[in-house]
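Working notes for the structure below.
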Amino acid sequence: MHSIAILGAGMMGNVHARAYRAMNQTSSLWIVDPVASRAGVLAETYGAAVANFEEVLENDGIDIVDICTPTFTHRDLAISALEAGKHVFCEKPVALKLRDARAMDEAAGKSGKKFMVGHVVRFFPQYSAVKELSVARNIGEIVMARLYRGGSFPSHGIDNWFADPEKSGGVFVDLSIHDFDFLRTLLGPVTTVEARSSMLSSDKQKSSFDHGMAILKFESGALVHVEGSWAEPPGMPVGFGTFYEFIGTRGMITNSYERETTLKLQTSIEGKPKYAQENPAHFDPYAAELESFTLSVDEDKEVPVNGREAIESLRIALAANLSAKLLRPVELSEVH
Amino acid sequence: MTKIGILGIAHMHGYSYARALKGMNDVEITGLYDDDGYRMNKACRDLGIKSCEDLEELVAGSDGVIVTSENSTHRKFVEIAARKGKHVLCEKPIATTLEDANAMVEICKENNVKLQMAFPVRYSASVRKAKEIIRAGFLGDVINLVGTNHGRMPGGWFTDPELSGGGAVMDHTVHVVDTVRWLLDCEFTTVYATFGTLIYDIQVEDCGLEMFKLSTGQYMTLDCSWSRPRAHPYWGDVTLRIVGTKGTLFLDIFNSKIEVYSNESGSSWENYGDNLDQLLIEEFVEVLRSGRSPFTIGEDGLQALKVVCSAYRSFEEGTETKIV
Ligand SMILES: NC(=O)c1ccc[n+]([C@@H]2O[C@H](COP(=O)([O-])OP(=O)(O)OC[C@H]3O[C@@H](n4cnc5c(N)ncnc54)[C@H](O)[C@@H]3O)[C@@H](O)[C@H]2O)c1
C-alpha cells in the first residue's frame, strides 16, 4: 500500500486524487498547496491529509510524490522529492527547458527511484488502439497524419499562469506536446519542424489566447500536421476536442471528438440554456496511467514514460517554439 | 442560343461541365475535340454529344470553349480560342509553368476575350457567407488559417509529370489558395513546402504539407495530399479553419453528405449540396451572354500557380521561399 503526496490542488491535482481513490479506497493521500482553501477542498472531497512540502519530504512513510503544480515549478519540486528518496510522478510537460528536464532525469537516475511523466494520451483508448488497429486491419505503414487538440483557453490556471509563455511554454509546449509524444511512440524520431503560433509568430497577439500549427518531418519519411488551439472563445458548448487521421499505405484511421459522442443534452432551466456533448466512460485514462506507475514501483520495473522519453517529446515542442519565433524550419538537432 | 465547345476531355471535370451545360436552356454543346481519338469518341458516346475531328472548325462555330485537357496542354487550346476571339473557361491549374500561364492571360487580353478559371469552391454559398462573417468582424483579427484539400490518387495522366506538371501539390494547392485570396483580399507571399511519394508507387508526389505567409499578415498551412484511400466512402474534402482573435470559423465545403451503405457496392457518400460545377458553368454562360468579367479570372489562376511553382522551389531548396 502506498502513501502518496499530491502537490497542487488545482485541476490536475483533483483529477489525480479522484483516480487514486478509484484505484484504492484506503491508501493514504496527502495534499500540498500554498492556497489553503484549495488544499482543504481536495482533502475534504477525497479524504486526504493537508501537509506542507517539507513535511512530505521528511515523512518516510510517504513513498510517492505526484506533481500537479504549474509547469514552471516542476523541476525544483521533482529534484527535491527524488533527493528525499521518493518515487516521483510528474505531470506533463516535464519542464520548460531541456536543461531542467535533464536535471530531473539525472536526479532520478542518482536516486534509483521511479520517475514517470504524465503523457496520458498514450492511455486514451482511441489513441492506444491506433497501432494495434493499423496492424490488425492491414492499414500498412503510417506515412502521414493530421492531429488536432484544442478548445478554449485554460483560464482555470492559478494566477492565469497558462497565459505566460515563460510559465507554460505556450500551446505547443503545454498542449500539443501530448500529440508530439504520441507521434514519437508511433512513428519514431522527428527530424524537422516548421511551425507558427499566434503567441510567438503573430504581430496581432492577444492575451490568454494561442493557436499553433506545426509541420513535422520524421526520420521514417512520414509527414505530419499538428494543430493546437487555445483559440475558441470561452463559454462555448464544446470546450475541448481532439481529432486525428492516420494515413497508411493501405488505408486510413480517423477519429473526431466532435463526431464521436455518446451523450448530447439540450435543456433550459429557468431560462438558462444548457448544452452538453460528451463521451462519458467508466474507463479513466488518468487512473490507468497512475496505476501503471504504482505497478512499476511495486514490481520495480521500467515506467511506461520515463524522463528520457519526456525530454524527447519536449524537444519537439521546443523546436516548434523556436521555428515559430525564428519563422523558419528548425532541425531537431538545433534544440539542445 | 449560346454555343459552347469542349476542348479536351482528359479531366473528369469535363464530364461534369458537359452535364451541367446539357441541363441549361438555350445552350448548345457544339462538340468535343480531343487529341486522343479513342478518349474523344468514348466521351461523346457517354455524354451524347458530337465529336469533332476539326479543332479549328469547332472553335469557329462556338461562342466560347471549355478547356479540360491535361494541365500542360491548356495553353495550346486557350491560344487557339483566343486568336479566334472566343471566351474560355479553363480547368485548374491554369497551366504547369508560369511562362504558359502568363502567355495565356496575355493572349486573352490582347484578343479581348474573357478567361474564366475553374475555381468552383469560390462559388460555394458557405464561402460567400464566410466572407460576410469575416467582414462583419465576428472573428476579430484573423491570425492563422488551416486548410486541407484531400483527394484520392487520381492515376492516369495525373501521375505523368509531362502532362500534369506534378502530383498532389500541383493538383490540390490552387483551390484553397484561390479561396483564401478572395476571402481575405490578400496575396500569398512566402511558402515552405514539404512533400513525398509516400503512399503509392508513382512518379509524382502524393502527399504534401505547406506553410504560407499572407500579405495581410496571417500564417496558413495546407494539406494537399492524395491521401484518401480507395476504401473511403468519399473522394476527399476542402476544409478551412479560420482562427481570429474573437472566434473561429470552420468550412467543410463538401460535407453536405448522404451516407449510403450497400451490401452490393459498399459504403459511399453522396453530396446533396449545391452543385458547384453547375454554378461555375452558369457563370460562364452568363459571361458569354453579357460580356461581363467572370467571378474567377485567368489572373487568379496565374496567382495560384505562382504559389504552386514557389512550393516546388521551396521543396528543392529545403527552405522558405518568396512567392514570385
Ligand atoms: N495531463 C493532462 O491532461 C493535463 C491537463 C491539464 C494540465 N496538465 C498539467 O498539470 C499541471 C497542473 O496544471 P493544472 O491545470 O492543474 O493547474 P492549476 O493552476 O489548476 O493548479 C495548480 C495548483 O498548484 C498549486 N501550486 C503552485 N505552486 C505549488 C507548489 N510549489 N506546491 C504545491 N502546490 C503548488 C496552485 O496553488 C494550484 O492550486 C501543469 O503542468 C499542466 O501542464 C496536464
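Within each chain, counting starts at residue 1; across the C-alpha cells, chains are named A, B, ... in the order shown, with ligands numbered 1 upward in that order.
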
Query raised in the report: Could you pull out all residues of range 10-115 of chain B with a DSSP call of alpha helix (DSSP H) and give them as JSON, numbers by chain?
Result: {"B": [13, 14, 15, 16, 17, 18, 19, 20, 21, 22, 37, 38, 39, 40, 41, 42, 43, 44, 45, 46, 47, 55, 56, 57, 58, 59, 60, 74, 75, 76, 77, 78, 79, 80, 81, 82, 83, 98, 99, 100, 101, 102, 103, 104, 105, 106, 107, 108, 109, 110]}

**Report entry** Residue hits in chain B, query chain A, radius 10 Å, only C-alpha atoms, as an MDAnalysis selection string
**Finding:** chainID B and resid 141:146 192:200 207:213 217:223 225 227:232 243:249 318:320

Query raised in the report: Can you tell me which residues sit at most 6 Å away from ligand 1, counting only C-alpha atoms and all ligand atoms, written as JSON, numbers by chain?
Result: {"A": [7, 8, 9, 10, 11, 12, 13, 32, 33, 34, 35, 68, 69, 70, 71, 91, 92, 93, 118, 120, 156, 157, 158, 174]}

**Report entry** Spatial neighbours of Leu240 in chain B, max dist 7 Å, only C-alpha atoms, sep filter under 3 positions, as a list in words
**Finding:** Leu145, Val146, Gly147, Thr148, Phe250, Leu251 and Asp252 of chain B

Export of prior selection with C-alpha atoms as a PDB file, in the first residue's frame:
```
ATOM      1  CA  LEU B 145      -5.647  29.534 -41.198  1.00  0.00           C
ATOM      2  CA  VAL B 146      -5.551  25.754 -41.533  1.00  0.00           C
ATOM      3  CA  GLY B 147      -6.655  24.244 -44.837  1.00  0.00           C
ATOM      4  CA  THR B 148      -6.978  20.820 -46.397  1.00  0.00           C
ATOM      5  CA  PHE B 250     -14.655  26.126 -39.903  1.00  0.00           C
ATOM      6  CA  LEU B 251     -15.596  25.438 -43.509  1.00  0.00           C
ATOM      7  CA  ASP B 252     -16.085  21.881 -44.771  1.00  0.00           C
TER       8      ASP B 252
END
```

Query raised in the report: Where in range 24-133 of chain B does DSSP assign strand (DSSP E), given as a VMD selection string?
Result: chain B and resid 27 to 33 64 to 67 87 to 90 115 to 117

Let me see the file: selected residues, C-alpha atoms, as an mmCIF file, in the first residue's frame.
```cif
data_model
loop_
_atom_site.group_PDB
_atom_site.id
_atom_site.type_symbol
_atom_site.label_atom_id
_atom_site.label_comp_id
_atom_site.auth_asym_id
_atom_site.auth_seq_id
_atom_site.Cartn_x
_atom_site.Cartn_y
_atom_site.Cartn_z
ATOM 1 C CA VAL B 27 -27.312 26.347 -74.561
ATOM 2 C CA GLU B 28 -25.874 24.117 -77.240
ATOM 3 C CA ILE B 29 -22.761 21.994 -76.923
ATOM 4 C CA THR B 30 -21.216 22.400 -80.356
ATOM 5 C CA GLY B 31 -18.996 19.378 -79.905
ATOM 6 C CA LEU B 32 -15.954 17.848 -78.278
ATOM 7 C CA TYR B 33 -12.424 17.727 -79.580
ATOM 8 C CA GLY B 64 -16.965 30.100 -76.093
ATOM 9 C CA VAL B 65 -14.954 26.995 -75.200
ATOM 10 C CA ILE B 66 -14.234 24.933 -72.111
ATOM 11 C CA VAL B 67 -10.699 23.583 -71.830
ATOM 12 C CA HIS B 87 -14.130 33.290 -74.488
ATOM 13 C CA VAL B 88 -12.620 30.479 -72.437
ATOM 14 C CA LEU B 89 -13.377 28.569 -69.257
ATOM 15 C CA CYS B 90 -10.120 26.843 -68.288
ATOM 16 C CA LEU B 115 -10.619 33.890 -69.474
ATOM 17 C CA GLN B 116 -12.554 32.255 -66.646
ATOM 18 C CA MET B 117 -10.784 29.903 -64.211
#
```

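Considering the residues B:Trp235, B:Phe295, B:Tyr38, B:Phe284 and counting only C-alpha atoms, Asn271 in chain B has its shortest atom-to-atom contact with B:Trp235.
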
Query raised in the report: Taking into account only C-alpha atoms, which residue in the set A:Leu265, A:Ala288, A:Ala17, A:Val193 is nearest to Leu322 in chain A?
Result: A:Val193

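Taking only C-alpha atoms, the non-local environment of Ala107 in chain A within 10 Å (same-chain residues fewer than 5 positions away omitted) comprises A:Ala78, A:Ile79, A:Ser80, A:Ala81, A:Leu82, A:Glu83, A:Ala101, A:Arg102, A:Gly112, A:Lys113, A:Phe115.
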
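For the set B:Ser124, B:Asp300, B:Arg83, B:Thr216, the residue with the smallest atom-to-atom gap to Asp274 in chain B is B:Ser124, counting only C-alpha atoms.
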
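Within 6 Å of Asp63 in chain B, once only C-alpha atoms are used and residues closer than 5 positions along the same chain are dropped, the contacting residues are Lys3, Ile4 and Lys86 of chain B.
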
Write the residues you've just listed into a file as a PDB file, in the first residue's frame, and include all heavy atoms for each of them.
```pdb
ATOM      1  N   LYS B   3     -23.525  28.930 -77.795  1.00  0.00           N
ATOM      2  CA  LYS B   3     -22.848  27.736 -78.318  1.00  0.00           C
ATOM      3  C   LYS B   3     -21.486  27.550 -77.651  1.00  0.00           C
ATOM      4  O   LYS B   3     -20.644  28.448 -77.682  1.00  0.00           O
ATOM      5  CB  LYS B   3     -22.666  27.885 -79.825  1.00  0.00           C
ATOM      6  CG  LYS B   3     -23.990  27.914 -80.569  1.00  0.00           C
ATOM      7  CD  LYS B   3     -23.724  28.088 -82.032  1.00  0.00           C
ATOM      8  CE  LYS B   3     -25.012  27.835 -82.815  1.00  0.00           C
ATOM      9  NZ  LYS B   3     -24.784  28.006 -84.247  1.00  0.00           N
ATOM     10  N   ILE B   4     -21.308  26.367 -77.082  1.00  0.00           N
ATOM     11  CA  ILE B   4     -20.080  26.109 -76.321  1.00  0.00           C
ATOM     12  C   ILE B   4     -19.434  24.813 -76.790  1.00  0.00           C
ATOM     13  O   ILE B   4     -20.084  23.765 -76.878  1.00  0.00           O
ATOM     14  CB  ILE B   4     -20.391  26.035 -74.808  1.00  0.00           C
ATOM     15  CG1 ILE B   4     -20.915  27.402 -74.330  1.00  0.00           C
ATOM     16  CG2 ILE B   4     -19.148  25.635 -74.017  1.00  0.00           C
ATOM     17  CD1 ILE B   4     -21.408  27.430 -72.916  1.00  0.00           C
ATOM     18  N   LYS B  86     -12.689  33.831 -79.056  1.00  0.00           N
ATOM     19  CA  LYS B  86     -13.684  33.077 -78.270  1.00  0.00           C
ATOM     20  C   LYS B  86     -13.322  33.100 -76.777  1.00  0.00           C
ATOM     21  O   LYS B  86     -12.157  32.913 -76.415  1.00  0.00           O
ATOM     22  CB  LYS B  86     -13.730  31.612 -78.736  1.00  0.00           C
ATOM     23  CG  LYS B  86     -13.924  31.467 -80.230  1.00  0.00           C
ATOM     24  CD  LYS B  86     -15.257  32.040 -80.681  1.00  0.00           C
ATOM     25  CE  LYS B  86     -15.393  31.865 -82.196  1.00  0.00           C
ATOM     26  NZ  LYS B  86     -16.667  32.410 -82.681  1.00  0.00           N
TER      27      LYS B  86
END
```

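Closest approach to Asp160 in chain B among B:Glu91, B:Gln203, B:Phe77, B:Leu55 is made by B:Gln203 (distances from only C-alpha atoms).
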
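The interatomic distance for the pair CA of Ile202 in chain B and CA of Met170 in chain B works out to 14.7 Å.
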
Query raised in the report: Which residues come within 6 Å of Phe89 in chain A, counting only C-alpha atoms, excluding same-chain residues fewer than 6 positions away, as an MDAnalysis selection string?
Result: chainID A and resid 66 115:117

Residues just named, written with all heavy atoms as a PDB file, in the first residue's frame:
```pdb
ATOM      1  N   ASP A  66       3.481  13.100  -6.239  1.00  0.00           N
ATOM      2  CA  ASP A  66       2.823  13.278  -7.539  1.00  0.00           C
ATOM      3  C   ASP A  66       2.680  14.776  -7.797  1.00  0.00           C
ATOM      4  O   ASP A  66       1.948  15.472  -7.092  1.00  0.00           O
ATOM      5  CB  ASP A  66       1.450  12.581  -7.485  1.00  0.00           C
ATOM      6  CG  ASP A  66       0.673  12.737  -8.788  1.00  0.00           C
ATOM      7  OD1 ASP A  66       1.041  13.589  -9.618  1.00  0.00           O
ATOM      8  OD2 ASP A  66      -0.323  12.008  -8.950  1.00  0.00           O
ATOM      9  N   PHE A 115      10.677   7.459 -11.844  1.00  0.00           N
ATOM     10  CA  PHE A 115      10.316   8.808 -12.279  1.00  0.00           C
ATOM     11  C   PHE A 115       9.517   8.676 -13.570  1.00  0.00           C
ATOM     12  O   PHE A 115      10.030   8.168 -14.572  1.00  0.00           O
ATOM     13  CB  PHE A 115      11.593   9.634 -12.503  1.00  0.00           C
ATOM     14  CG  PHE A 115      11.325  11.027 -13.043  1.00  0.00           C
ATOM     15  CD1 PHE A 115      10.429  11.882 -12.415  1.00  0.00           C
ATOM     16  CD2 PHE A 115      12.003  11.485 -14.175  1.00  0.00           C
ATOM     17  CE1 PHE A 115      10.198  13.163 -12.915  1.00  0.00           C
ATOM     18  CE2 PHE A 115      11.777  12.768 -14.675  1.00  0.00           C
ATOM     19  CZ  PHE A 115      10.872  13.609 -14.043  1.00  0.00           C
ATOM     20  N   MET A 116       8.263   9.084 -13.533  1.00  0.00           N
ATOM     21  CA  MET A 116       7.406   8.966 -14.708  1.00  0.00           C
ATOM     22  C   MET A 116       6.760  10.315 -15.006  1.00  0.00           C
ATOM     23  O   MET A 116       6.467  11.089 -14.100  1.00  0.00           O
ATOM     24  CB  MET A 116       6.316   7.904 -14.471  1.00  0.00           C
ATOM     25  CG  MET A 116       5.273   7.820 -15.581  1.00  0.00           C
ATOM     26  SD  MET A 116       4.328   6.268 -15.489  1.00  0.00           S
ATOM     27  CE  MET A 116       2.939   6.648 -16.545  1.00  0.00           C
ATOM     28  N   VAL A 117       6.545  10.564 -16.306  1.00  0.00           N
ATOM     29  CA  VAL A 117       5.937  11.828 -16.736  1.00  0.00           C
ATOM     30  C   VAL A 117       4.573  11.540 -17.364  1.00  0.00           C
ATOM     31  O   VAL A 117       4.406  10.570 -18.107  1.00  0.00           O
ATOM     32  CB  VAL A 117       6.866  12.579 -17.718  1.00  0.00           C
ATOM     33  CG1 VAL A 117       6.234  13.893 -18.168  1.00  0.00           C
ATOM     34  CG2 VAL A 117       8.223  12.834 -17.051  1.00  0.00           C
TER      35      VAL A 117
END
```

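Going from CA of Tyr244 in chain A to CA of Gly150 in chain A covers 12.1 Å.
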